[in-house]
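This is model_39.txt. It holds compact mmCIF, C-alpha atoms.
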```txt
# COMPACT_ATOMS: atom_id res chain seq x y z
CA MET X 83 111.91 18.25 169.40
CA ASN X 84 114.64 15.61 169.32
CA GLN X 85 115.75 13.27 172.10
CA GLN X 86 117.96 14.42 174.93
CA TYR X 87 121.46 13.04 175.33
CA SER X 88 121.66 9.65 177.04
CA ILE X 89 124.33 8.81 179.59
CA GLU X 90 125.85 6.40 177.07
CA GLU X 91 126.20 9.19 174.49
CA ILE X 92 127.76 11.42 177.15
CA LYS X 93 130.33 8.78 178.05
CA GLN X 94 131.21 8.27 174.39
CA LEU X 95 131.64 12.03 173.90
CA GLU X 96 133.94 12.13 176.93
CA ILE X 97 136.10 9.36 175.47
CA THR X 98 136.24 10.99 172.02
CA LEU X 99 137.08 14.39 173.51
CA SER X 100 139.89 12.93 175.61
CA LYS X 101 141.53 11.90 172.33
CA ASN X 102 140.80 15.28 170.68
CA PRO X 103 140.96 17.80 173.56
CA THR X 104 141.01 20.93 171.36
CA ASP X 105 138.09 19.97 169.11
CA THR X 106 135.69 22.82 169.86
CA ASP X 107 132.74 21.08 168.20
CA LEU X 108 133.17 18.12 170.56
CA ILE X 109 133.58 20.44 173.54
CA ASN X 110 130.36 22.19 172.54
CA LYS X 111 128.47 18.91 172.15
CA LEU X 112 129.60 17.69 175.55
CA ALA X 113 128.62 20.97 177.22
CA ILE X 114 125.11 20.73 175.72
CA GLY X 115 124.98 17.07 176.71
CA TYR X 116 125.90 17.88 180.30
CA SER X 117 123.25 20.61 180.43
CA SER X 118 120.50 18.19 179.42
CA CYS X 119 121.48 14.90 181.06
CA SER X 120 121.01 15.01 184.85
CA GLU X 121 122.29 11.45 185.07
CA ALA X 122 125.75 12.67 184.04
CA GLU X 123 125.84 14.90 187.15
CA SER X 124 128.17 17.33 185.37
CA PHE X 125 126.01 20.42 184.88
CA ASN X 126 128.61 22.45 186.79
CA GLN X 127 131.06 21.86 183.93
CA VAL X 128 128.89 23.45 181.23
CA ASP X 129 130.18 27.00 181.73
CA GLU X 130 133.80 25.86 181.82
CA LEU X 131 133.46 23.87 178.60
CA LEU X 132 131.73 26.62 176.63
CA GLU X 133 134.32 29.13 177.78
CA LYS X 134 137.10 26.71 176.84
CA ALA X 135 135.71 26.28 173.31
CA TYR X 136 135.51 30.05 172.93
CA GLU X 137 139.07 30.57 174.14
CA ILE X 138 140.49 27.85 171.87
CA ASN X 139 138.73 29.11 168.76
CA PRO X 140 136.71 32.36 168.99
CA THR X 141 134.07 32.10 166.26
CA ILE X 142 130.43 33.05 165.79
CA LYS X 143 129.45 29.61 167.05
CA THR X 144 131.68 29.47 170.13
CA SER X 145 131.06 33.09 171.12
CA ASN X 146 127.31 32.67 170.67
CA ASN X 147 127.12 29.52 172.78
CA TYR X 148 129.34 30.90 175.53
CA ALA X 149 127.40 34.18 175.58
CA TYR X 150 124.11 32.26 175.64
CA GLN X 151 125.10 30.52 178.85
CA ILE X 152 126.20 33.78 180.46
CA ILE X 153 123.08 35.68 179.39
CA THR X 154 120.41 33.08 180.14
CA ASP X 155 121.95 31.21 183.06
CA TRP X 156 123.82 33.99 184.89
CA TYR X 157 121.92 37.08 183.66
CA GLY X 158 125.28 38.54 182.67
CA TYR X 159 123.91 40.78 179.95
CA ASP X 160 126.85 43.16 179.72
CA LEU X 161 129.44 40.39 179.59
CA GLY X 162 127.36 38.39 177.13
CA ILE X 163 127.10 41.39 174.82
CA GLU X 164 130.83 42.08 175.15
CA ILE X 165 131.62 38.53 174.03
CA LEU X 166 129.07 38.32 171.24
CA GLN X 167 129.03 41.84 169.77
CA PRO X 168 132.25 41.58 167.67
CA PHE X 169 130.93 38.45 165.99
CA VAL X 170 127.43 39.84 165.41
CA ASP X 171 129.15 42.78 163.71
CA LYS X 172 130.54 40.24 161.22
CA LYS X 173 126.96 39.68 159.99
CA PRO X 174 126.19 36.04 160.84
CA LYS X 175 123.89 34.17 158.48
CA SER X 176 121.85 32.65 161.29
CA PHE X 177 119.11 34.49 163.18
CA MET X 178 120.33 33.05 166.50
CA PRO X 179 123.10 35.52 167.46
CA TYR X 180 120.83 38.45 166.56
CA ASN X 181 118.01 37.10 168.68
CA LEU X 182 120.36 36.38 171.58
CA ILE X 183 122.06 39.78 171.62
CA GLY X 184 118.69 41.47 171.09
CA TYR X 185 117.40 39.66 174.16
CA ALA X 186 120.40 40.82 176.20
CA TYR X 187 119.86 44.43 175.14
CA LEU X 188 116.15 44.13 175.91
CA MET X 189 116.86 42.90 179.43
CA LYS X 190 119.21 45.87 179.90
CA GLY X 191 116.47 48.27 178.79
CA SER X 192 118.26 49.27 175.56
CA TYR X 193 115.07 49.04 173.52
CA GLU X 194 116.20 50.67 170.26
CA LYS X 195 119.22 48.38 169.97
CA ALA X 196 117.19 45.34 170.94
CA LYS X 197 114.56 46.26 168.35
CA SER X 198 117.10 46.46 165.51
CA TYR X 199 118.52 43.03 166.33
CA PHE X 200 115.10 41.41 166.70
CA GLN X 201 114.11 42.82 163.30
CA GLU X 202 117.22 41.28 161.77
CA ALA X 203 116.49 37.97 163.50
CA MET X 204 112.94 38.00 162.10
CA THR X 205 114.30 38.60 158.60
CA LEU X 206 116.74 35.68 158.83
CA SER X 207 114.53 33.17 160.64
CA GLN X 208 112.86 30.67 158.33
CA THR X 209 109.85 30.37 160.61
CA GLU X 210 107.88 32.89 162.64
CA MET X 211 109.19 32.53 166.18
CA VAL X 212 106.94 33.71 168.96
CA GLU X 213 109.95 34.54 171.16
CA ILE X 214 111.29 37.06 168.65
CA ILE X 215 107.92 38.55 167.76
CA HIS X 216 106.81 38.95 171.37
CA ASN X 217 110.07 40.53 172.52
CA LEU X 218 110.11 42.87 169.53
CA ALA X 219 106.60 43.90 170.60
CA VAL X 220 107.93 44.58 174.10
CA CYS X 221 110.49 46.95 172.56
CA GLU X 222 107.74 48.77 170.67
CA SER X 223 105.71 48.97 173.88
CA HIS X 224 108.54 50.62 175.77
CA LEU X 225 109.33 52.90 172.83
CA GLY X 226 105.82 54.34 172.94
CA ASN X 227 104.43 52.56 169.87
CA PRO X 228 101.36 50.71 171.25
CA HIS X 229 99.67 50.23 167.87
CA LYS X 230 102.78 48.53 166.41
CA ALA X 231 103.15 46.51 169.59
CA ILE X 232 99.53 45.29 169.51
CA HIS X 233 99.95 44.11 165.92
CA LEU X 234 103.01 42.09 166.95
CA TYR X 235 101.37 40.68 170.09
CA GLU X 236 98.47 39.52 167.94
CA ARG X 237 100.91 37.74 165.63
CA ALA X 238 102.52 36.07 168.64
CA ILE X 239 99.11 35.04 170.01
CA ALA X 240 98.21 33.50 166.64
CA ILE X 241 101.36 31.36 166.74
CA MET X 242 101.27 30.31 170.39
CA ASP X 243 100.58 32.20 173.59
CA LYS X 244 100.89 29.25 175.93
CA GLU X 245 101.52 31.28 179.09
CA ASN X 246 99.32 34.29 178.20
CA GLU X 247 102.18 36.82 178.22
CA SER X 248 101.29 38.22 174.79
CA LYS X 249 97.61 38.62 175.72
CA PHE X 250 98.59 40.32 178.97
CA ASN X 251 100.99 42.72 177.24
CA LYS X 252 98.41 43.47 174.57
CA ALA X 253 95.99 44.43 177.35
CA LEU X 254 98.60 46.80 178.80
CA CYS X 255 98.89 48.49 175.39
CA LEU X 256 95.10 48.85 175.33
CA VAL X 257 95.28 50.54 178.73
CA GLU X 258 97.63 53.10 177.23
CA LEU X 259 95.18 53.63 174.36
CA GLY X 260 92.17 53.87 176.70
CA LEU X 261 90.34 50.87 175.13
CA ASP X 262 88.99 49.40 178.37
CA SER X 263 86.22 47.22 176.85
CA ASP X 264 88.73 45.07 174.96
CA ILE X 265 90.73 44.57 178.17
CA THR X 266 87.77 42.91 179.90
CA LYS X 267 87.56 40.37 177.08
CA ILE X 268 91.28 39.54 177.36
CA ILE X 269 91.01 39.09 181.13
CA GLU X 270 88.19 36.58 180.64
CA GLU X 271 90.19 34.68 177.98
CA ILE X 272 93.18 34.43 180.30
CA LYS X 273 91.05 33.27 183.24
CA LEU X 274 89.62 30.42 181.12
CA SER X 275 93.04 29.20 179.96
CA GLU X 276 94.81 26.11 181.35
CA ALA X 277 97.97 28.09 182.06
CA TYR X 278 96.09 30.45 184.39
CA LYS X 279 94.96 27.54 186.55
CA HIS X 280 98.53 26.46 187.26
CA PRO X 281 99.85 27.38 190.74
CA THR X 282 102.92 29.07 189.24
CA ALA X 283 101.20 30.75 186.28
CA TRP X 284 103.31 33.33 184.45
CA VAL X 285 100.21 35.52 184.25
CA SER X 286 98.45 35.14 187.59
CA CYS X 287 95.47 36.63 189.42
CA THR X 288 97.71 39.39 190.80
CA ASP X 289 98.68 40.38 187.25
CA LEU X 290 95.02 40.53 186.27
CA SER X 291 94.34 42.50 189.43
CA GLN X 292 96.82 45.10 188.24
CA LEU X 293 95.12 45.22 184.84
CA CYS X 294 91.76 45.94 186.49
CA TYR X 295 93.43 48.50 188.72
CA LEU X 296 94.84 50.26 185.68
CA LYS X 297 91.39 50.52 184.11
CA ASN X 298 90.02 51.81 187.41
CA ASP X 299 87.88 48.76 188.20
CA MET X 300 88.95 48.67 191.83
CA LYS X 301 86.41 46.11 193.07
CA GLN X 302 87.36 43.52 190.47
CA ALA X 303 91.02 44.29 191.12
CA TYR X 304 90.43 43.53 194.81
CA ASP X 305 88.46 40.34 194.08
CA LEU X 306 91.26 39.03 191.86
CA LEU X 307 93.86 39.93 194.47
CA MET X 308 91.96 37.88 197.04
CA GLU X 309 92.26 34.80 194.78
CA SER X 310 96.02 34.79 195.33
CA PRO X 311 97.29 32.32 197.95
CA PHE X 312 100.49 34.34 198.32
CA SER X 313 101.25 37.29 200.55
CA PHE X 314 102.88 40.43 199.19
CA ASP X 315 105.15 43.17 200.45
CA LEU X 316 103.10 46.21 201.46
CA LEU X 317 105.75 48.71 200.44
CA SER X 318 106.63 47.06 197.11
CA TYR X 319 102.99 46.89 195.95
CA PRO X 320 101.24 50.07 197.16
CA GLU X 321 98.37 49.42 194.73
CA PHE X 322 97.57 46.15 196.53
CA SER X 323 97.92 47.85 199.90
CA TYR X 324 95.44 50.48 198.72
CA LEU X 325 92.94 47.80 197.65
CA LEU X 326 93.14 46.11 201.05
CA LEU X 327 92.68 49.40 202.87
CA LYS X 328 89.66 50.18 200.71
CA TYR X 329 87.89 46.81 200.86
CA ASN X 330 89.39 44.80 203.74
CA ASN X 331 90.90 47.03 206.39
CA SER X 332 91.11 44.23 208.98
CA LYS X 333 93.21 42.07 206.65
CA TYR X 334 95.48 45.02 205.93
CA SER X 335 95.94 45.59 209.67
CA LYS X 336 96.86 41.93 210.20
CA ILE X 337 99.46 42.01 207.42
CA GLU X 338 100.80 45.33 208.70
CA LYS X 339 101.15 43.99 212.25
CA LYS X 340 102.76 40.74 211.10
CA THR X 341 105.23 42.55 208.81
CA ILE X 342 106.30 44.96 211.55
CA GLN X 343 106.74 42.10 214.02
CA GLU X 344 108.93 40.21 211.54
CA LYS X 345 111.15 43.20 210.90
CA GLU X 346 111.43 43.94 214.63
CA SER X 347 112.42 40.31 215.16
CA TRP X 348 115.14 40.69 212.51
CA LEU X 349 116.35 43.80 214.30
CA THR X 350 116.61 41.91 217.58
CA ARG X 351 118.58 39.12 215.90
CA LEU X 352 120.76 41.63 214.09
CA ASN X 353 121.72 43.23 217.39
CA ASN X 354 122.55 39.86 218.92
CA ILE X 355 126.22 39.27 218.12
CA GLU X 356 125.78 35.55 218.85
CA ASP X 357 123.03 35.04 216.26
CA GLU X 358 124.37 32.59 213.65
CA GLU X 359 122.65 34.23 210.69
CA TYR X 360 124.40 37.55 211.31
CA GLU X 361 127.62 36.39 212.95
CA ASP X 362 129.75 37.36 209.94
CA TYR X 363 128.33 40.89 209.76
CA SER X 364 130.72 43.71 210.58
CA GLU X 365 129.64 46.51 212.91
CA GLU X 366 129.17 48.78 209.89
CA GLU X 367 127.00 46.20 208.12
CA ARG X 368 124.87 45.76 211.25
CA THR X 369 124.41 49.50 211.53
CA THR X 370 123.46 49.87 207.84
CA GLU X 371 121.03 46.95 207.94
CA GLY X 372 119.55 48.20 211.22
CA LYS X 373 118.88 51.64 209.74
CA LYS X 374 117.26 50.05 206.72
CA LEU X 375 114.95 47.89 208.85
CA ASN X 376 113.98 50.83 211.10
CA SER X 377 113.25 52.91 208.02
CA GLU X 378 111.04 50.16 206.58
CA ILE X 379 109.15 49.78 209.87
CA GLU X 380 108.42 53.52 209.99
CA ALA X 381 107.37 53.53 206.33
CA ILE X 382 104.92 50.67 206.93
CA LYS X 383 103.44 52.44 209.96
CA LYS X 384 102.82 55.58 207.87
CA LEU X 385 101.74 53.81 204.66
CA GLY X 386 98.04 53.63 205.49
CA GLN X 387 97.90 57.40 206.05
CA LYS X 388 99.50 58.04 202.66
CA LEU X 389 97.18 55.80 200.67
CA VAL X 390 94.19 58.13 200.66
CA ASN X 391 94.15 58.15 196.85
CA PRO X 392 95.03 55.29 194.48
CA PRO X 393 98.80 55.23 193.92
CA GLU X 394 99.88 55.38 190.30
CA ILE X 395 101.27 52.34 188.53
CA LYS X 396 102.47 52.47 184.94
CA PRO X 397 101.89 49.85 182.21
CA SER X 398 105.57 50.16 181.28
CA GLU X 399 106.49 48.65 184.67
CA LEU X 400 104.41 45.52 183.98
CA TYR X 401 105.32 44.41 180.45
CA LYS X 402 106.46 40.79 180.39
CA THR X 403 109.38 39.58 178.28
CA ILE X 404 109.75 35.91 177.42
CA SER X 405 112.84 33.74 177.18
CA CYS X 406 114.73 33.93 173.90
CA GLY X 407 114.49 30.13 173.59
CA CYS X 408 117.40 27.78 172.95
CA MET X 409 119.95 29.68 170.87
CA LEU X 410 122.78 27.13 171.06
CA TYR X 411 124.41 26.12 167.79
CA ASP X 412 124.43 22.34 167.31
CA CYS X 413 121.83 21.64 170.01
CA LYS X 414 120.35 18.36 168.86
CA ILE X 415 117.64 18.60 171.51
CA HIS X 416 116.08 21.56 169.71
CA GLY X 417 117.36 20.72 166.24
CA ASN X 418 119.47 23.87 165.94
CA GLN X 419 121.89 24.29 163.07
CA PHE X 420 125.43 22.98 163.43
CA ASP X 421 127.33 26.18 162.66
CA ASP X 422 127.02 29.56 160.99
```

Structure translated into structure tokens:
Amino acid sequence: MNQQYSIEEIKQLEITLSKNPTDTDLINKLAIGYSSCSEAESFNQVDELLEKAYEINPTIKTSNNYAYQIITDWYGYDLGIEILQPFVDKKPKSFMPYNLIGYAYLMKGSYEKAKSYFQEAMTLSQTEMVEIIHNLAVCESHLGNPHKAIHLYERAIAIMDKENESKFNKALCLVELGLDSDITKIIEEIKLSEAYKHPTAWVSCTDLSQLCYLKNDMKQAYDLLMESPFSFDLLSYPEFSYLLLKYNNSKYSKIEKKTIQEKESWLTRLNNIEDEEYEDYSEEERTTEGKKLNSEIEAIKKLGQKLVNPPEIKPSELYKTISCGCMLYDCKIHGNQFDD
């Protein structure tokens, strides 16, 4: 990886651009510089500059870089695709636009389209990129092709599975194939990794708890859940609520009581027209929010009665995608190519 932009380089780019205000390559460089140099204190200008370059000269490069910012920074998948699609249809020579638009389609759940673009990106890329391989595997997972997905996850693991996402997804595929013994091995590998020990691990003890839950090892699922320092929403994670009810009813009761008290407190504040947090709410908004909170309170009160049997969770709901990586043309930080 190359060096980030220094404040001196940023200032020189600003001077050069002031003399050549329509030079889209300079605009692009400055936008990338701003995004990487906190000392410049101009990150809020990145979007504006990339959009400006695109408007001045719509090309594969300018559309790709503008779409990249929209897709990865603002999660604007539809808009990013709208901007980039006409230029991808022109058959770029670089893998980057294909990977970027594939990622956008993947995040939208359009797995067949995403798959086709990732395959094209793999063909054009000069190196095997874990981001492309892993996300292509995610497409195969969602398309009901676990064997193909496992093969791709294994390729990604062989390159680099720093955060354990590929191992975790491979285990989910094994769940679908009923190969429980191999899942236990993967869980142990993840638990021994450095990434797992990090407080904000991408694959955490709650993820492994869900894996054990899926293979019907409820006690280990509970033990792993208890390793988490974080609380969870009872309604959003019925499988965790079930585990608490089964193995630690007193803890479940405490969480239930605390959750209800919090929501009742929000209701009280919501009904107080002088409360600062809700002072801008209209009467209709207060009524809607009040109904929602009352509904949630009643659902929590009845949840324990409903969780007699283990609630179903599906592997397809747990597959992890990974970032597409830096797909900016002319990013010197990552050594990306200058243009298409």

Practice item. Would you mind listing what lies within 9 Å of Ser207 in chain X as a PyMOL selection string, with only C-alpha atoms counted and same-chain residues fewer than 5 positions away left out? Key: chain X and resi 176-178+202

May I have the selected residues written with C-alpha atoms, as a PDB file, in the coordinates of the input?
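Output (again-v6.pdb):
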```pdb
ATOM      1  CA  SER X 176     121.850  32.650 161.290  1.00  0.00           C
ATOM      2  CA  PHE X 177     119.110  34.490 163.180  1.00  0.00           C
ATOM      3  CA  MET X 178     120.330  33.050 166.500  1.00  0.00           C
ATOM      4  CA  GLU X 202     117.220  41.280 161.770  1.00  0.00           C
TER       5      GLU X 202
END
```

Exercise for review: Could you jot down the CA of Ile268 in chain X to CA of Lys249 in chain X separation for me, Å, one decimal place?
Suggested key: 6.6 Å

**Study point:** Atom pair CA of Ala240 in chain X / CA of Ile215 in chain X: separation (Å)
**Key:**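 Computing the Euclidean distance for CA of Ala240 in chain X and CA of Ile215 in chain X yields 11.0 Å.
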
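Between CA of Glu344 in chain X and CA of Leu375 in chain X lies a distance of 10.1 Å.
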
Exercise for review: Find, counting all atoms listed in the file, the residue in X:Ala303, X:Leu188, X:Ile92, X:Ile269 that gets nearest to Cys119 in chain X.
Suggested key: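 The closest residue to Cys119 in chain X is X:Ile92.
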
Exercise for review: Identify the residues around (114.4, 54.5, 172.9) within a radius of 9 Å, measuring from only C-alpha atoms in the coordinates stated by the file, and give them as a list of chain:residue names.
Suggested key: X:Gly191, X:Ser192, X:Tyr193, X:Glu194, X:Lys195, X:Cys221, X:His224, X:Leu225, X:Gly226

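Using only C-alpha atoms, the nearest neighbour of Thr209 in chain X within the list X:Ala283, X:Ile241, X:Ala122, X:Leu349 is X:Ile241.
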
Practice item. Might you pull out every residue within 8 Å of Glu236 in chain X, with all atoms listed in the file counted and same-chain residues fewer than 2 positions away left off, and present them as number ranges by chain? Key: X: 232-234, 238-240, 248-249, 252

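In terms of minimum interatomic distance to Tyr334 in chain X, X:Leu385 ranks closest within X:Ser347, X:Arg368, X:Asp289, X:Leu385, counting only C-alpha atoms.
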
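Nearest to Glu380 in chain X of all the residues X:Glu338, X:Asp171, X:Asp421, X:Asp107 is X:Glu338, counting only C-alpha atoms.
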
Practice item. Write out as a list of chain:residue names the residues lying within 9 Å of Leu389 in chain X, counting only C-alpha atoms and excluding same-chain residues fewer than 3 positions away. Key: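 Once the adjacent positions are removed, what remains is X:Pro320, X:Glu321, X:Ser323, X:Tyr324, X:Leu327, X:Leu385, X:Gly386, X:Pro392, X:Pro393.
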
How would the residues just chosen look if you wrote them out with C-alpha atoms as a compact mmCIF listing (two decimals), in the coordinates of the input?
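Saved file out02.txt follows:
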```txt
# COMPACT_ATOMS: atom_id res chain seq x y z
CA PRO X 320 101.24 50.07 197.16
CA GLU X 321 98.37 49.42 194.73
CA SER X 323 97.92 47.85 199.90
CA TYR X 324 95.44 50.48 198.72
CA LEU X 327 92.68 49.40 202.87
CA LEU X 385 101.74 53.81 204.66
CA GLY X 386 98.04 53.63 205.49
CA PRO X 392 95.03 55.29 194.48
CA PRO X 393 98.80 55.23 193.92
```

Just the residues within 12 Å of Ile342 in chain X, please, counting all atoms listed in the file, with nothing from its chain fewer than 6 positions along; format it as an mmCIF file with C-alpha atoms, in the frame of the given file.
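Below you can see result.cif, which holds the result:
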```cif
data_model
loop_
_atom_site.group_PDB
_atom_site.id
_atom_site.type_symbol
_atom_site.label_atom_id
_atom_site.label_comp_id
_atom_site.auth_asym_id
_atom_site.auth_seq_id
_atom_site.Cartn_x
_atom_site.Cartn_y
_atom_site.Cartn_z
ATOM 1 C CA ASP X 315 105.150 43.170 200.450
ATOM 2 C CA LEU X 316 103.100 46.210 201.460
ATOM 3 C CA LEU X 317 105.750 48.710 200.440
ATOM 4 C CA SER X 335 95.940 45.590 209.670
ATOM 5 C CA LYS X 336 96.860 41.930 210.200
ATOM 6 C CA TRP X 348 115.140 40.690 212.510
ATOM 7 C CA LEU X 349 116.350 43.800 214.300
ATOM 8 C CA LEU X 375 114.950 47.890 208.850
ATOM 9 C CA ASN X 376 113.980 50.830 211.100
ATOM 10 C CA SER X 377 113.250 52.910 208.020
ATOM 11 C CA GLU X 378 111.040 50.160 206.580
ATOM 12 C CA ILE X 379 109.150 49.780 209.870
ATOM 13 C CA GLU X 380 108.420 53.520 209.990
ATOM 14 C CA ALA X 381 107.370 53.530 206.330
ATOM 15 C CA ILE X 382 104.920 50.670 206.930
ATOM 16 C CA LYS X 383 103.440 52.440 209.960
ATOM 17 C CA LYS X 384 102.820 55.580 207.870
#
```
